[in-house]
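Below is data_23.pdb, holding PDB, C-alpha atoms.
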```
ATOM      1  CA  MET T 165     -27.481 -33.707 -20.365  1.00  0.00           C
ATOM      2  CA  ASN T 166     -23.908 -32.792 -19.565  1.00  0.00           C
ATOM      3  CA  ILE T 167     -21.448 -33.922 -22.203  1.00  0.00           C
ATOM      4  CA  GLY T 168     -18.334 -32.217 -20.850  1.00  0.00           C
ATOM      5  CA  LYS T 169     -16.621 -30.931 -17.756  1.00  0.00           C
ATOM      6  CA  THR T 170     -18.067 -28.250 -15.539  1.00  0.00           C
ATOM      7  CA  LEU T 171     -16.603 -24.772 -15.767  1.00  0.00           C
ATOM      8  CA  LEU T 172     -14.885 -25.118 -12.403  1.00  0.00           C
ATOM      9  CA  ALA T 173     -13.230 -28.374 -13.483  1.00  0.00           C
ATOM     10  CA  GLN T 174     -12.057 -26.748 -16.699  1.00  0.00           C
ATOM     11  CA  LEU T 175     -10.544 -23.836 -14.759  1.00  0.00           C
ATOM     12  CA  MET T 176      -8.817 -26.183 -12.314  1.00  0.00           C
ATOM     13  CA  ASP T 177      -7.145 -27.976 -15.239  1.00  0.00           C
ATOM     14  CA  PHE T 178      -5.172 -24.804 -16.030  1.00  0.00           C
ATOM     15  CA  LEU T 179      -3.522 -24.644 -12.604  1.00  0.00           C
ATOM     16  CA  PRO T 180       0.027 -25.959 -12.130  1.00  0.00           C
ATOM     17  CA  TRP T 181      -0.823 -28.849  -9.788  1.00  0.00           C
ATOM     18  CA  THR T 182       2.773 -30.097  -9.727  1.00  0.00           C
ATOM     19  CA  THR T 183       3.793 -26.780  -8.164  1.00  0.00           C
ATOM     20  CA  PHE T 184       0.966 -27.073  -5.655  1.00  0.00           C
ATOM     21  CA  THR T 185       2.010 -30.630  -4.764  1.00  0.00           C
ATOM     22  CA  ARG T 186       5.610 -29.509  -4.320  1.00  0.00           C
ATOM     23  CA  LEU T 187       4.488 -26.742  -1.933  1.00  0.00           C
ATOM     24  CA  VAL T 188       2.304 -29.137   0.056  1.00  0.00           C
ATOM     25  CA  THR T 189       5.273 -31.480   0.405  1.00  0.00           C
ATOM     26  CA  ARG T 190       7.606 -28.640   1.414  1.00  0.00           C
ATOM     27  CA  TYR T 191       5.332 -27.396   4.196  1.00  0.00           C
ATOM     28  CA  GLY T 192       3.971 -30.808   5.216  1.00  0.00           C
ATOM     29  CA  GLY T 193       0.377 -29.867   4.495  1.00  0.00           C
ATOM     30  CA  ASP T 194      -0.971 -33.392   4.046  1.00  0.00           C
ATOM     31  CA  ARG T 195       0.888 -34.872   7.000  1.00  0.00           C
ATOM     32  CA  TYR T 196      -1.509 -36.672   9.366  1.00  0.00           C
ATOM     33  CA  VAL T 197      -4.451 -35.998   7.020  1.00  0.00           C
ATOM     34  CA  LYS T 198      -6.920 -38.838   6.535  1.00  0.00           C
ATOM     35  CA  SER T 199      -9.631 -37.580   4.219  1.00  0.00           C
ATOM     36  CA  LEU T 200      -9.387 -33.920   3.169  1.00  0.00           C
ATOM     37  CA  THR T 201      -6.126 -33.178   1.371  1.00  0.00           C
ATOM     38  CA  CYS T 202      -4.834 -29.643   0.807  1.00  0.00           C
ATOM     39  CA  ALA T 203      -6.187 -29.551  -2.735  1.00  0.00           C
ATOM     40  CA  GLU T 204      -9.802 -29.966  -1.566  1.00  0.00           C
ATOM     41  CA  PRO T 205      -9.942 -26.761   0.544  1.00  0.00           C
ATOM     42  CA  PHE T 206      -8.252 -24.916  -2.313  1.00  0.00           C
ATOM     43  CA  ARG T 207     -10.937 -26.097  -4.731  1.00  0.00           C
ATOM     44  CA  VAL T 208     -13.644 -25.130  -2.241  1.00  0.00           C
ATOM     45  CA  MET T 209     -12.211 -21.639  -1.766  1.00  0.00           C
ATOM     46  CA  ALA T 210     -11.848 -21.195  -5.535  1.00  0.00           C
ATOM     47  CA  PHE T 211     -15.490 -22.262  -5.927  1.00  0.00           C
ATOM     48  CA  ALA T 212     -16.487 -19.805  -3.193  1.00  0.00           C
ATOM     49  CA  GLN T 213     -14.573 -16.992  -4.849  1.00  0.00           C
ATOM     50  CA  LEU T 214     -16.107 -17.668  -8.268  1.00  0.00           C
ATOM     51  CA  THR T 215     -19.654 -17.894  -6.903  1.00  0.00           C
ATOM     52  CA  TYR T 216     -19.347 -14.900  -4.528  1.00  0.00           C
ATOM     53  CA  ARG T 217     -19.803 -16.923  -1.327  1.00  0.00           C
ATOM     54  CA  GLU T 218     -18.739 -15.216   1.891  1.00  0.00           C
ATOM     55  CA  ARG T 219     -19.376 -17.658   4.744  1.00  0.00           C
ATOM     56  CA  LEU T 220     -18.689 -21.330   5.312  1.00  0.00           C
ATOM     57  CA  ARG T 221     -22.390 -21.981   5.827  1.00  0.00           C
ATOM     58  CA  ASP T 222     -23.134 -20.333   2.481  1.00  0.00           C
ATOM     59  CA  ILE T 223     -20.470 -22.469   0.789  1.00  0.00           C
ATOM     60  CA  GLU T 224     -21.860 -25.634   2.375  1.00  0.00           C
ATOM     61  CA  VAL T 225     -25.425 -24.870   1.268  1.00  0.00           C
ATOM     62  CA  CYS T 226     -24.364 -24.005  -2.280  1.00  0.00           C
ATOM     63  CA  LEU T 227     -22.328 -27.210  -2.629  1.00  0.00           C
ATOM     64  CA  ALA T 228     -25.189 -29.269  -1.186  1.00  0.00           C
ATOM     65  CA  ALA T 229     -27.532 -27.772  -3.780  1.00  0.00           C
ATOM     66  CA  GLN T 230     -25.132 -28.953  -6.501  1.00  0.00           C
ATOM     67  CA  SER T 231     -24.759 -32.456  -5.061  1.00  0.00           C
ATOM     68  CA  ALA T 232     -25.289 -34.182  -8.412  1.00  0.00           C
ATOM     69  CA  LYS T 233     -22.428 -32.184  -9.963  1.00  0.00           C
ATOM     70  CA  ARG T 234     -20.127 -32.177  -6.937  1.00  0.00           C
ATOM     71  CA  TYR T 235     -17.977 -35.095  -8.094  1.00  0.00           C
ATOM     72  CA  HIS T 236     -17.607 -33.603 -11.569  1.00  0.00           C
ATOM     73  CA  MET T 237     -16.428 -30.335 -10.034  1.00  0.00           C
ATOM     74  CA  GLY T 238     -13.586 -32.195  -8.314  1.00  0.00           C
ATOM     75  CA  PHE T 239     -15.007 -32.767  -4.828  1.00  0.00           C
ATOM     76  CA  ARG T 240     -14.796 -36.416  -3.818  1.00  0.00           C
ATOM     77  CA  GLN T 241     -16.922 -36.233  -0.693  1.00  0.00           C
ATOM     78  CA  GLU T 242     -19.672 -34.201   0.885  1.00  0.00           C
ATOM     79  CA  LEU T 243     -18.124 -31.224   2.638  1.00  0.00           C
ATOM     80  CA  LYS T 244     -19.424 -29.970   5.961  1.00  0.00           C
ATOM     81  CA  ARG T 245     -18.856 -26.569   7.512  1.00  0.00           C
ATOM     82  CA  SER T 246     -16.929 -27.932  10.508  1.00  0.00           C
ATOM     83  CA  THR T 247     -14.626 -29.946   8.242  1.00  0.00           C
ATOM     84  CA  LEU T 248     -13.825 -26.872   6.157  1.00  0.00           C
ATOM     85  CA  ALA T 249     -13.243 -24.787   9.281  1.00  0.00           C
ATOM     86  CA  ASP T 250     -10.854 -27.396  10.694  1.00  0.00           C
ATOM     87  CA  ALA T 251      -9.026 -27.679   7.382  1.00  0.00           C
ATOM     88  CA  ASN T 252      -8.605 -23.906   7.119  1.00  0.00           C
ATOM     89  CA  GLU T 253      -7.353 -23.735  10.686  1.00  0.00           C
ATOM     90  CA  LEU T 254      -4.877 -26.619  10.502  1.00  0.00           C
ATOM     91  CA  ARG T 255      -3.353 -26.074   7.064  1.00  0.00           C
ATOM     92  CA  ASP T 256      -0.252 -23.963   6.737  1.00  0.00           C
ATOM     93  CA  TRP T 257      -1.182 -20.633   5.181  1.00  0.00           C
ATOM     94  CA  ARG T 258       2.161 -20.404   3.396  1.00  0.00           C
ATOM     95  CA  ILE T 259       1.071 -23.162   0.981  1.00  0.00           C
ATOM     96  CA  TYR T 260      -1.746 -21.054  -0.401  1.00  0.00           C
ATOM     97  CA  ALA T 261       0.173 -17.762  -0.223  1.00  0.00           C
ATOM     98  CA  GLU T 262       3.113 -19.120  -2.160  1.00  0.00           C
ATOM     99  CA  PHE T 263       0.844 -20.840  -4.680  1.00  0.00           C
ATOM    100  CA  ALA T 264      -0.937 -17.521  -5.247  1.00  0.00           C
ATOM    101  CA  GLN T 265       2.455 -15.890  -5.864  1.00  0.00           C
ATOM    102  CA  ARG T 266       3.245 -18.573  -8.432  1.00  0.00           C
ATOM    103  CA  LEU T 267      -0.082 -17.990 -10.167  1.00  0.00           C
ATOM    104  CA  VAL T 268       0.513 -14.257 -10.386  1.00  0.00           C
TER     105      VAL T 268
END
```

Please rewrite the model in this file as structure tokens.
Amino acid sequence: MNIGKTLLAQLMDFLPWTTFTRLVTRYGGDRYVKSLTCAEPFRVMAFAQLTYRERLRDIEVCLAAQSAKRYHMGFRQELKRSTLADANELRDWRIYAEFAQRLV
């Protein structure tokens, strides 16, 4: 029985989300977005980095295996490979690059 947050959720709490939101607003990252905001792909890529996932298919399978814990990790919906690929292609890379600079 889980009585607390998952490790990924605890790590995500330490990030400066106000800075991330400011960068998304500056570069218009969530403009014309209906379901997958810029924070979701960031959480997915952080999850992939922490679990040593290399491909989108591998990420999708690993998240599907953890479907009961997905919401508690911060993912609101089931993520498909094509959705992640589209999100990575359409989002401005400068959002994530500048956020990484802020973290360093």

Result set, the PyMOL selection byres ((chain T and resi 224) around 9) on current file, as a PDB file with C-alpha atoms, keeping the file's coordinate frame:
```
ATOM      1  CA  ARG T 219     -19.376 -17.658   4.744  1.00  0.00           C
ATOM      2  CA  LEU T 220     -18.689 -21.330   5.312  1.00  0.00           C
ATOM      3  CA  ARG T 221     -22.390 -21.981   5.827  1.00  0.00           C
ATOM      4  CA  ASP T 222     -23.134 -20.333   2.481  1.00  0.00           C
ATOM      5  CA  ILE T 223     -20.470 -22.469   0.789  1.00  0.00           C
ATOM      6  CA  VAL T 225     -25.425 -24.870   1.268  1.00  0.00           C
ATOM      7  CA  CYS T 226     -24.364 -24.005  -2.280  1.00  0.00           C
ATOM      8  CA  LEU T 227     -22.328 -27.210  -2.629  1.00  0.00           C
ATOM      9  CA  ALA T 228     -25.189 -29.269  -1.186  1.00  0.00           C
ATOM     10  CA  ALA T 229     -27.532 -27.772  -3.780  1.00  0.00           C
ATOM     11  CA  GLU T 242     -19.672 -34.201   0.885  1.00  0.00           C
ATOM     12  CA  LEU T 243     -18.124 -31.224   2.638  1.00  0.00           C
ATOM     13  CA  LYS T 244     -19.424 -29.970   5.961  1.00  0.00           C
ATOM     14  CA  ARG T 245     -18.856 -26.569   7.512  1.00  0.00           C
ATOM     15  CA  LEU T 248     -13.825 -26.872   6.157  1.00  0.00           C
TER      16      LEU T 248
END
```

**Q.** Nearest-residue call for T:Met176, choices T:Arg240, T:Arg207, T:Arg266, T:Arg217, using only C-alpha atoms
**A.**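 Using only C-alpha atoms, the shortest distance to T:Met176 belongs to T:Arg207.
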
Q | Pick from T:Arg255, T:Phe211, T:Glu218, T:Lys198 nearest to T:Gln230, counting all atoms listed in the file | A | T:Phe211

Q | Length of the atom CA of T:Leu187 to atom CA of T:Gly238 vector [Å] | A |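 Taking atom CA of T:Leu187 as the start and atom CA of T:Gly238 as the end point, the length is 19.9 Å.
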
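Comparing T:Val197, T:Leu171, T:Cys202, T:Ala251 by their smallest distance to T:Phe263, the closest is T:Cys202 (using only C-alpha atoms).
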
Q) When you draw a straight line from atom CA of T:Phe239 to atom CA of T:Tyr216, how long is it in Å? A)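 Computed distance, atom CA of T:Phe239 to atom CA of T:Tyr216, equals 18.4 Å.
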
Q: With a distance cut-off of 7 Å and all atoms listed in the file, select the neighbouring residues of T:Lys169, excluding the residue or stretch itself and same-chain residues fewer than 3 positions from it, and output the selection as a list of chain:residue names.
A: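 These residues fall inside the cut-off: T:Ala173, T:Gln174, T:His236.
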
(Q) Just the number, please: distance in Å from atom CA of T:Leu214 to atom CA of T:Arg190, one decimal. (A) 27.9 Å

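Minimum distance to T:Ala261 across T:Thr215, T:Tyr191, T:Ser199, T:Val208 (counting all atoms listed in the file) occurs at T:Tyr191.
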
Box along x, y and z, 3 Å on every side, all listed atoms of stretch 184-198 of chain T inside: centre and edge lengths in Å to one decimal, as JSON.
```
{"center_x": 0.3, "center_y": -32.8, "center_z": 1.9, "size_x": 20.5, "size_y": 18.1, "size_z": 21.0}
```

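Residues matched by the PyMOL selection byres ((chain T and resi 183) around 12) in this structure: Leu179, Pro180, Trp181, Thr182, Phe184, Thr185, Arg186, Leu187, Val188, Thr189, Arg190, Ala203, Ile259, Tyr260, Glu262, Phe263, Ala264, Gln265, Arg266 and Leu267 of chain T.
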
Q | Residue with smallest distance to T:Arg258 - pool T:Gly193, T:Ala232, T:Leu200, T:Phe178, counting all atoms listed in the file | A | T:Gly193

Q.
Just checking: using only C-alpha atoms, which residue out of T:Gln213, T:Glu204, T:Val268, T:Trp257 ends up closest to T:Tyr235?
A. T:Glu204

Starting from the block above, write stretch 167-217 of chain T out to a file with N, CA and C atoms, as a tab-separated table (two decimals), in the first residue's frame, please.
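So selection.tsv came out as:
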```tsv
chain	number	residue	atom	x	y	z
T	167	ILE	N	1.61	4.97	0.73
T	167	ILE	CA	1.11	5.99	1.64
T	167	ILE	C	1.67	7.37	1.30
T	168	GLY	N	2.52	7.46	0.30
T	168	GLY	CA	3.10	8.75	-0.06
T	168	GLY	C	3.21	8.91	-1.55
T	169	LYS	N	3.96	9.90	-1.96
T	169	LYS	CA	4.17	10.18	-3.37
T	169	LYS	C	5.21	9.24	-3.95
T	170	THR	N	5.15	9.05	-5.25
T	170	THR	CA	6.19	8.27	-5.91
T	170	THR	C	7.48	9.09	-5.94
T	171	LEU	N	8.57	8.43	-6.22
T	171	LEU	CA	9.87	9.10	-6.25
T	171	LEU	C	9.91	10.16	-7.35
T	172	LEU	N	9.34	9.85	-8.50
T	172	LEU	CA	9.31	10.83	-9.59
T	172	LEU	C	8.52	12.07	-9.19
T	173	ALA	N	7.39	11.89	-8.53
T	173	ALA	CA	6.59	13.04	-8.09
T	173	ALA	C	7.34	13.87	-7.05
T	174	GLN	N	8.08	13.21	-6.19
T	174	GLN	CA	8.87	13.93	-5.20
T	174	GLN	C	9.98	14.74	-5.86
T	175	LEU	N	10.62	14.17	-6.88
T	175	LEU	CA	11.66	14.90	-7.60
T	175	LEU	C	11.10	16.08	-8.38
T	176	MET	N	9.93	15.91	-8.96
T	176	MET	CA	9.30	16.99	-9.73
T	176	MET	C	8.89	18.15	-8.84
T	177	ASP	N	8.65	17.89	-7.55
T	177	ASP	CA	8.29	18.97	-6.63
T	177	ASP	C	9.45	19.95	-6.40
T	178	PHE	N	10.68	19.51	-6.62
T	178	PHE	CA	11.84	20.36	-6.39
T	178	PHE	C	12.11	21.33	-7.55
T	179	LEU	N	11.49	21.11	-8.69
T	179	LEU	CA	11.76	21.93	-9.86
T	179	LEU	C	11.04	23.27	-9.75
T	180	PRO	N	11.66	24.33	-10.28
T	180	PRO	CA	11.02	25.65	-10.25
T	180	PRO	C	9.96	25.77	-11.36
T	181	TRP	N	8.74	25.34	-11.08
T	181	TRP	CA	7.70	25.30	-12.11
T	181	TRP	C	7.26	26.69	-12.52
T	182	THR	N	7.44	27.70	-11.68
T	182	THR	CA	7.09	29.06	-12.11
T	182	THR	C	8.03	29.53	-13.22
T	183	THR	N	9.30	29.16	-13.12
T	183	THR	CA	10.26	29.47	-14.18
T	183	THR	C	9.88	28.75	-15.46
T	184	PHE	N	9.50	27.48	-15.35
T	184	PHE	CA	9.10	26.72	-16.52
T	184	PHE	C	7.87	27.34	-17.18
T	185	THR	N	6.90	27.74	-16.38
T	185	THR	CA	5.69	28.36	-16.91
T	185	THR	C	6.01	29.68	-17.59
T	186	ARG	N	6.92	30.45	-17.03
T	186	ARG	CA	7.33	31.71	-17.64
T	186	ARG	C	7.99	31.48	-18.99
T	187	LEU	N	8.82	30.42	-19.10
T	187	LEU	CA	9.46	30.10	-20.37
T	187	LEU	C	8.46	29.62	-21.41
T	188	VAL	N	7.50	28.82	-20.98
T	188	VAL	CA	6.45	28.35	-21.90
T	188	VAL	C	5.65	29.53	-22.43
T	189	THR	N	5.36	30.50	-21.57
T	189	THR	CA	4.63	31.68	-22.00
T	189	THR	C	5.47	32.52	-22.95
T	190	ARG	N	6.76	32.67	-22.66
T	190	ARG	CA	7.64	33.47	-23.50
T	190	ARG	C	7.74	32.91	-24.91
T	191	TYR	N	7.87	31.61	-25.04
T	191	TYR	CA	8.04	30.99	-26.36
T	191	TYR	C	6.73	30.47	-26.95
T	192	GLY	N	5.62	30.66	-26.28
T	192	GLY	CA	4.33	30.24	-26.81
T	192	GLY	C	4.21	28.74	-26.97
T	193	GLY	N	4.71	28.00	-26.01
T	193	GLY	CA	4.73	26.54	-26.11
T	193	GLY	C	3.38	25.88	-26.01
T	194	ASP	N	2.46	26.45	-25.26
T	194	ASP	CA	1.14	25.84	-25.10
T	194	ASP	C	0.08	26.48	-25.99
T	195	ARG	N	0.51	27.30	-26.93
T	195	ARG	CA	-0.43	27.90	-27.86
T	195	ARG	C	-0.97	26.83	-28.80
T	196	TYR	N	-2.25	26.79	-28.98
T	196	TYR	CA	-2.96	25.84	-29.85
T	196	TYR	C	-2.85	24.39	-29.37
T	197	VAL	N	-2.56	24.19	-28.09
T	197	VAL	CA	-2.45	22.85	-27.53
T	197	VAL	C	-3.77	22.50	-26.83
T	198	LYS	N	-4.29	21.32	-27.13
T	198	LYS	CA	-5.56	20.92	-26.54
T	198	LYS	C	-5.40	20.00	-25.34
T	199	SER	N	-4.49	19.04	-25.42
T	199	SER	CA	-4.45	18.05	-24.34
T	199	SER	C	-3.08	17.90	-23.68
T	200	LEU	N	-2.01	17.95	-24.41
T	200	LEU	CA	-0.69	17.65	-23.86
T	200	LEU	C	0.11	18.95	-23.72
T	201	THR	N	0.14	19.50	-22.52
T	201	THR	CA	0.87	20.75	-22.30
T	201	THR	C	2.37	20.49	-22.30
T	202	CYS	N	3.16	21.54	-22.26
T	202	CYS	CA	4.62	21.41	-22.32
T	202	CYS	C	5.19	20.68	-21.10
T	203	ALA	N	4.51	20.74	-19.99
T	203	ALA	CA	5.02	20.09	-18.78
T	203	ALA	C	4.95	18.57	-18.90
T	204	GLU	N	3.95	18.05	-19.60
T	204	GLU	CA	3.81	16.59	-19.75
T	204	GLU	C	5.00	15.97	-20.48
T	205	PRO	N	5.39	16.46	-21.66
T	205	PRO	CA	6.58	15.87	-22.31
T	205	PRO	C	7.85	16.01	-21.47
T	206	PHE	N	7.94	17.10	-20.69
T	206	PHE	CA	9.11	17.24	-19.82
T	206	PHE	C	9.11	16.15	-18.76
T	207	ARG	N	7.95	15.89	-18.16
T	207	ARG	CA	7.86	14.82	-17.16
T	207	ARG	C	8.18	13.46	-17.78
T	208	VAL	N	7.70	13.24	-18.99
T	208	VAL	CA	7.96	11.97	-19.67
T	208	VAL	C	9.45	11.81	-19.94
T	209	MET	N	10.10	12.86	-20.42
T	209	MET	CA	11.53	12.76	-20.71
T	209	MET	C	12.36	12.63	-19.42
T	210	ALA	N	11.92	13.25	-18.35
T	210	ALA	CA	12.60	13.07	-17.06
T	210	ALA	C	12.44	11.63	-16.59
T	211	PHE	N	11.24	11.08	-16.74
T	211	PHE	CA	11.00	9.68	-16.39
T	211	PHE	C	11.88	8.76	-17.24
T	212	ALA	N	11.97	9.06	-18.53
T	212	ALA	CA	12.80	8.24	-19.42
T	212	ALA	C	14.27	8.32	-19.03
T	213	GLN	N	14.72	9.48	-18.67
T	213	GLN	CA	16.12	9.65	-18.27
T	213	GLN	C	16.41	8.88	-16.98
T	214	LEU	N	15.51	8.95	-16.02
T	214	LEU	CA	15.72	8.28	-14.74
T	214	LEU	C	15.61	6.77	-14.83
T	215	THR	N	14.85	6.27	-15.79
T	215	THR	CA	14.68	4.82	-15.93
T	215	THR	C	15.48	4.24	-17.09
T	216	TYR	N	16.38	5.03	-17.66
T	216	TYR	CA	17.28	4.58	-18.74
T	216	TYR	C	16.52	4.08	-19.96
T	217	ARG	N	15.49	4.80	-20.37
T	217	ARG	CA	14.75	4.46	-21.58
T	217	ARG	C	15.34	5.22	-22.75
```
